[in-house]
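Undergrad: A single structure is presented below for examination.
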Amino acid sequence: MKILFWMQVFDPEPQIKGITLASKIVQAGNEVIVITGFPNYPGGKIYPGYSIKLYSIEYIEGIKVIRVPLFPSHSGSIVGRLVNYLSFGFSSFIASFFIRDLDLIYACGPPVTVGVAAALSGLIKKIPVVYDIQDLWPDSLNSTEMFKSTLGLKIIGKVCQFLYQHVAMLIVQSPGIRLKLIERGVPEDRISLVYNWCNESAILNYEINSVAIMPSAKGMGASERFSVLFAGNIGRAQDLYAIIKAAQILQKRKYKVDIYLLGEGIEKTSLEREVKNKRIENIFFIPAVPMSDVSKYLKAANVLLVHLKDSELFRVTVPAKTQAYLATGKPVLMAVAGDGAELISKSGGGIVAKPSDPDSIADSIILLLESGDQELVKMGNCGKQYYWEHLSLEQGSKKFNALFKKLAK
């Protein structure tokens, strides 16, 4: 079977379903060709060693990767983002006609222009297209306030409906997105649920042999302090002001708990100012580190925190960090309503708190603190086992292989 992987973001850019999934599909006896852009995500600048050309061909782990031109931009500018999305959609659509004898196309968003270009190519070539929905458009644009035009959102919604009607299968990463698509008229038999996995090599290849050096005087993992870690983007959607208030509650009640926020984002400076002004001494900020180093911080903490503000979109989302947290084998405090909360409850790998509710978050941290080491280890082990049995790359790639084989026939 000859499969075209169609992705705007691909290795060396961070893409969980990039070379890892492609390699698994090849190991199953298939041929994979990748069509992608010149690497520029997330900074919007072309990576060192690359330059934009009419096209280029390279091989990553023996897999042929065809790169086509695009306008590099990942700023807050709507115009820049739009040109970025449309330029790759157009150039990849043209380039696809030079790739022959395909049995199937696998396209992975965002943006939705990737799926539209792939769907049009599949219609012309008369081959099945599988579209992997990572962000539900236009919902995600509306929720993050990135795009506020009512007319524009309606047009994007119509484009998405066209896409959903002209692909052989839609892959979703949460049960809630599946239900949303059914409500929008997509037949159930054309939607498959495959949970995302994490960067397993980073988790497996790091074994902690000492306490990580952290901003607190004692260091995260110090026996006399209980540590809670949030790792990821520090933006509006994360609503980390609720976490600051939870830390303040814990400080007033004199619990020996430290909360760490690892990462960068548009809200970080404001949050740091808030902590300083209110003299909150049990919350610390850690600068972003390479993905390969994140696991040492995860393994040093007692509990790993997931938090998003409560919204309809986030209720049908399983935050990407959830899988990494579970695979690490540490208890998870899930302060996200909906699918994320249900996954943690089902796995036994942690407990659930109400999002954007400082009292609920503080009470949940106290509950974990008072559970004792044995119970925390049990939670961590349950979560880790659940990840490898249901959410891992191995399990996900098996589902993809079976699906590709069925559709190509």
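The way I read the labels, and the way they are meant: chains A, B, ... in the order of the structure tokens, residue 1 as the first residue of every chain, and ligand 1 as the first ligand shown, with later ones counted on from there.
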Quick one: DSSP strand (DSSP E) residues in range 324-365 of chain A, as a PyMOL selection string?

TA: chain A and resi 332-335+350-352

Undergrad: Dump C-alpha atoms for the selected residues as a PDB file, in the first residue's frame?

TA:
ATOM      1  CA  VAL A 332      -2.673  13.778  37.557  1.00  0.00           C
ATOM      2  CA  LEU A 333      -4.861  16.598  38.869  1.00  0.00           C
ATOM      3  CA  MET A 334      -7.268  17.218  35.969  1.00  0.00           C
ATOM      4  CA  ALA A 335      -8.934  20.628  36.261  1.00  0.00           C
ATOM      5  CA  GLY A 350      -5.528  10.904  39.351  1.00  0.00           C
ATOM      6  CA  ILE A 351      -8.414  13.040  40.552  1.00  0.00           C
ATOM      7  CA  VAL A 352     -10.606  15.748  39.052  1.00  0.00           C
TER       8      VAL A 352
END

Undergrad: Hey, what's within 6 Å of Ile105 in chain A if we count only C-alpha atoms and toss same-chain stuff fewer than 5 positions away? As a list of chain:residue names, please?

TA: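 Residues near the query, excluding close chain neighbours: A:Ile3, A:Leu4, A:Val129.
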
Undergrad: Hey, which bits of range 277-319 of chain A sit within 12 Å of range 185-202 of chain A, and for each residue what's the closest pair of atoms and how far apart in Å (one decimal), counting only C-alpha atoms, rows by chain and increasing number, as JSON lines?

TA:
{"residue": "A:Pro290", "atom": "CA", "partner": "A:Ala202", "partner_atom": "CA", "distance": 10.3}
{"residue": "A:Met291", "atom": "CA", "partner": "A:Ala202", "partner_atom": "CA", "distance": 7.4}
{"residue": "A:Ser292", "atom": "CA", "partner": "A:Ala202", "partner_atom": "CA", "distance": 5.3}
{"residue": "A:Asp293", "atom": "CA", "partner": "A:Ala202", "partner_atom": "CA", "distance": 7.6}
{"residue": "A:Val294", "atom": "CA", "partner": "A:Ala202", "partner_atom": "CA", "distance": 8.1}
{"residue": "A:Ser295", "atom": "CA", "partner": "A:Ala202", "partner_atom": "CA", "distance": 6.6}
{"residue": "A:Lys296", "atom": "CA", "partner": "A:Ala202", "partner_atom": "CA", "distance": 9.3}
{"residue": "A:Tyr297", "atom": "CA", "partner": "A:Ala202", "partner_atom": "CA", "distance": 11.8}
{"residue": "A:Leu298", "atom": "CA", "partner": "A:Ala202", "partner_atom": "CA", "distance": 11.1}
{"residue": "A:Lys299", "atom": "CA", "partner": "A:Ala202", "partner_atom": "CA", "distance": 11.6}
{"residue": "A:Thr317", "atom": "CA", "partner": "A:Tyr195", "partner_atom": "CA", "distance": 10.7}
{"residue": "A:Val318", "atom": "CA", "partner": "A:Tyr195", "partner_atom": "CA", "distance": 8.6}
{"residue": "A:Pro319", "atom": "CA", "partner": "A:Asn196", "partner_atom": "CA", "distance": 9.6}

Undergrad: Please report, as a PyMOL selection string, each residue of range 114-312 of chain A to which DSSP assigns alpha helix (DSSP H) when run on this structure's backbone.

TA: chain A and resi 114-125+139-143+150-165+175-183+200-204+241-252+268-277+291-300+312

Undergrad: Give me the residues within 8 Å of range 6-15 of chain A as a list in words, counting only C-alpha atoms and dropping any in the same chain fewer than 2 places off.

TA: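 Selected residues are Leu4, Lys17, Gly18, Ile19, Val34, Ile35, Thr36, Gly37, Pro39, Asn40, Tyr41, Pro42, Phe88, Ile105, Tyr106, Ala107, Cys108, Gly109, Pro110, Pro111, Val114 and Ala118 of chain A.
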
Undergrad: If we count only C-alpha atoms, what is near range 47-61 of chain A at a cut-off of 8 Å, once residues fewer than 3 positions away on the same chain are taken out, given as an MDAnalysis selection string?

TA: chainID A and resid 19 23 38:40 64:70

Undergrad: Restrict the selected residues to all heavy atoms and save them as a compact mmCIF listing (two decimals), in the first residue's frame.

TA:
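That gives us part24.txt:
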# COMPACT_ATOMS: atom_id res chain seq x y z
N ILE A 19 6.92 11.72 12.06
CA ILE A 19 7.78 10.60 11.68
C ILE A 19 7.51 9.36 12.52
O ILE A 19 7.70 8.22 12.05
CB ILE A 19 9.27 11.00 11.76
CG1 ILE A 19 10.15 10.01 10.99
CG2 ILE A 19 9.72 11.16 13.20
CD1 ILE A 19 9.89 9.97 9.51
N SER A 23 6.76 5.99 10.49
CA SER A 23 7.67 4.84 10.63
C SER A 23 6.91 3.57 10.99
O SER A 23 7.22 2.48 10.51
CB SER A 23 8.74 5.14 11.68
OG SER A 23 9.55 6.22 11.28
N PHE A 38 8.37 23.86 4.43
CA PHE A 38 9.70 24.08 4.99
C PHE A 38 9.53 24.45 6.46
O PHE A 38 8.71 25.30 6.81
CB PHE A 38 10.44 25.17 4.21
CG PHE A 38 10.85 24.72 2.83
CD1 PHE A 38 10.00 24.90 1.75
CD2 PHE A 38 12.06 24.08 2.63
CE1 PHE A 38 10.35 24.47 0.48
CE2 PHE A 38 12.43 23.65 1.36
CZ PHE A 38 11.57 23.83 0.28
N PRO A 39 10.29 23.81 7.34
CA PRO A 39 10.03 23.93 8.78
C PRO A 39 10.18 25.36 9.30
O PRO A 39 11.21 26.00 9.11
CB PRO A 39 11.07 22.99 9.40
CG PRO A 39 12.12 22.82 8.37
CD PRO A 39 11.44 22.93 7.05
N ASN A 40 9.12 25.84 9.97
CA ASN A 40 9.13 27.19 10.54
C ASN A 40 8.28 27.31 11.80
O ASN A 40 8.17 28.39 12.38
CB ASN A 40 8.65 28.20 9.50
CG ASN A 40 7.18 28.06 9.17
OD1 ASN A 40 6.34 28.82 9.61
ND2 ASN A 40 6.83 27.05 8.38
N LYS A 64 10.68 9.20 2.37
CA LYS A 64 10.82 10.33 1.44
C LYS A 64 9.93 11.48 1.89
O LYS A 64 8.72 11.32 2.04
CB LYS A 64 10.46 9.88 0.03
CG LYS A 64 10.67 10.95 -1.03
CD LYS A 64 10.34 10.40 -2.42
CE LYS A 64 10.58 11.43 -3.52
NZ LYS A 64 10.25 10.87 -4.86
N VAL A 65 10.54 12.66 2.06
CA VAL A 65 9.82 13.85 2.49
C VAL A 65 9.96 14.92 1.41
O VAL A 65 11.07 15.37 1.11
CB VAL A 65 10.35 14.38 3.84
CG1 VAL A 65 9.60 15.65 4.25
CG2 VAL A 65 10.22 13.32 4.92
N ILE A 66 8.83 15.33 0.84
CA ILE A 66 8.82 16.37 -0.18
C ILE A 66 8.37 17.67 0.47
O ILE A 66 7.29 17.75 1.05
CB ILE A 66 7.85 16.00 -1.32
CG1 ILE A 66 8.25 14.66 -1.95
CG2 ILE A 66 7.83 17.10 -2.38
CD1 ILE A 66 7.21 14.11 -2.90
N ARG A 67 9.21 18.69 0.38
CA ARG A 67 8.88 19.99 0.97
C ARG A 67 8.51 20.98 -0.13
O ARG A 67 9.19 21.07 -1.15
CB ARG A 67 10.05 20.51 1.80
CG ARG A 67 10.38 19.60 2.99
CD ARG A 67 11.34 20.26 3.96
NE ARG A 67 11.68 19.34 5.04
CZ ARG A 67 10.98 19.15 6.15
NH1 ARG A 67 9.87 19.85 6.35
NH2 ARG A 67 11.38 18.29 7.08
N VAL A 68 7.42 21.71 0.11
CA VAL A 68 6.93 22.68 -0.87
C VAL A 68 6.89 24.07 -0.22
O VAL A 68 6.84 24.18 1.01
CB VAL A 68 5.53 22.29 -1.40
CG1 VAL A 68 5.60 20.94 -2.13
CG2 VAL A 68 4.52 22.23 -0.27
N PRO A 69 6.89 25.15 -1.01
CA PRO A 69 6.97 26.49 -0.44
C PRO A 69 5.71 26.92 0.29
O PRO A 69 4.60 26.49 -0.02
CB PRO A 69 7.23 27.38 -1.67
CG PRO A 69 6.71 26.60 -2.82
CD PRO A 69 6.93 25.15 -2.48
N LEU A 70 5.92 27.77 1.27
CA LEU A 70 4.82 28.40 2.01
C LEU A 70 5.32 29.74 2.54
O LEU A 70 6.52 30.02 2.53
CB LEU A 70 4.32 27.51 3.15
CG LEU A 70 5.33 26.87 4.14
CD1 LEU A 70 6.04 27.89 4.99
CD2 LEU A 70 4.61 25.86 5.01

Undergrad: For Ser356 in chain A, which residue out of A:Ile244, A:Leu170, A:Ala28, A:Ile124 is the nearest one, using only C-alpha atoms?

TA: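 Result for the nearest residue to Ser356 in chain A: A:Ile244.
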
Undergrad: Pick the closest to Pro358 in chain A from A:Ile94, A:Ala247, A:Leu313, A:Val303: which is it, counting only C-alpha atoms?

TA: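 Among the listed residues, the smallest separation from Pro358 in chain A belongs to A:Ala247.
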
Undergrad: Need the shell around Gln395 in chain A: protein/DNA/RNA residues with any atom at most 12 Å away, counting only C-alpha atoms. Skip same-chain ones fewer than 2 positions apart. Format as a list in words?

TA: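 Surrounding residues, per the criterion: Leu21, Lys24, Val194, Tyr195, Asn196, Trp197, Tyr386, Tyr387, Trp388, Glu389, His390, Leu391, Ser392, Leu393, Ser397, Lys398, Lys399, Phe400, Asn401 and Ala402 of chain A.
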
Undergrad: Given only C-alpha atoms, how would the per-residue table for range 29-131 of chain A near range 158-168 of chain A read, listing every residue at most 7 Å away with its closest atom pair and distance in Å to one decimal, sorted by chain and number, as JSON lines?

TA:
{"residue": "A:Gly115", "atom": "CA", "partner": "A:Leu163", "partner_atom": "CA", "distance": 6.8}
{"residue": "A:Val116", "atom": "CA", "partner": "A:Leu163", "partner_atom": "CA", "distance": 5.7}
{"residue": "A:Ala119", "atom": "CA", "partner": "A:Val167", "partner_atom": "CA", "distance": 6.0}
{"residue": "A:Pro128", "atom": "CA", "partner": "A:Ala168", "partner_atom": "CA", "distance": 5.5}
{"residue": "A:Val129", "atom": "CA", "partner": "A:Val167", "partner_atom": "CA", "distance": 5.1}
{"residue": "A:Val130", "atom": "CA", "partner": "A:Ala168", "partner_atom": "CA", "distance": 5.9}
{"residue": "A:Tyr131", "atom": "CA", "partner": "A:Val167", "partner_atom": "CA", "distance": 6.9}

Undergrad: Store the residues of this selection in a file with C-alpha atoms, as a short mmCIF file (atom, residue, chain, number, x, y, z; two decimals), in the first residue's frame.

TA:
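Final file, result35.cif:
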data_model
loop_
_atom_site.label_atom_id
_atom_site.label_comp_id
_atom_site.auth_asym_id
_atom_site.auth_seq_id
_atom_site.Cartn_x
_atom_site.Cartn_y
_atom_site.Cartn_z
CA GLY A 115 -7.63 18.73 4.70
CA VAL A 116 -9.35 20.72 1.96
CA ALA A 119 -9.77 16.15 -0.18
CA PRO A 128 -9.75 7.61 -0.32
CA VAL A 129 -8.71 10.43 2.02
CA VAL A 130 -8.43 10.15 5.80
CA TYR A 131 -8.51 13.49 7.63
#

Undergrad: One decimal, in Å: what's the spacing between CA of Ser227 in chain A and CA of Arg315 in chain A?

TA: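 Distance reported for this atom pair: 26.7 Å.
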
Undergrad: Suppose you want the space between CA of Val316 in chain A and CA of Gln134 in chain A; what is it in Å?

TA: 11.4 Å

Undergrad: Would you compute the distance between CA of Ser347 in chain A and CA of Ala320 in chain A? Give it in Å to one decimal.

TA: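 Taking CA of Ser347 in chain A as the start and CA of Ala320 in chain A as the end point, the length is 15.9 Å.
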
Undergrad: When distances are computed from only C-alpha atoms, which of A:Lys354, A:Lys346, A:Arg178, A:Lys384 shows the smallest separation from Pro331 in chain A?

TA: A:Lys384

Undergrad: Excluding Lys125 in chain A and its own-chain neighbours fewer than 6 positions away, which residues fall within 12 Å of it when counting only C-alpha atoms? Please give them as a list in words.

TA: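 Within the cut-off, the hits are Phe93, Ser96, Phe97, Phe98, Ile99, Arg100, Asp101, Leu102, Asp103, Leu104, Ile105, Ala118 and Ala119 of chain A.
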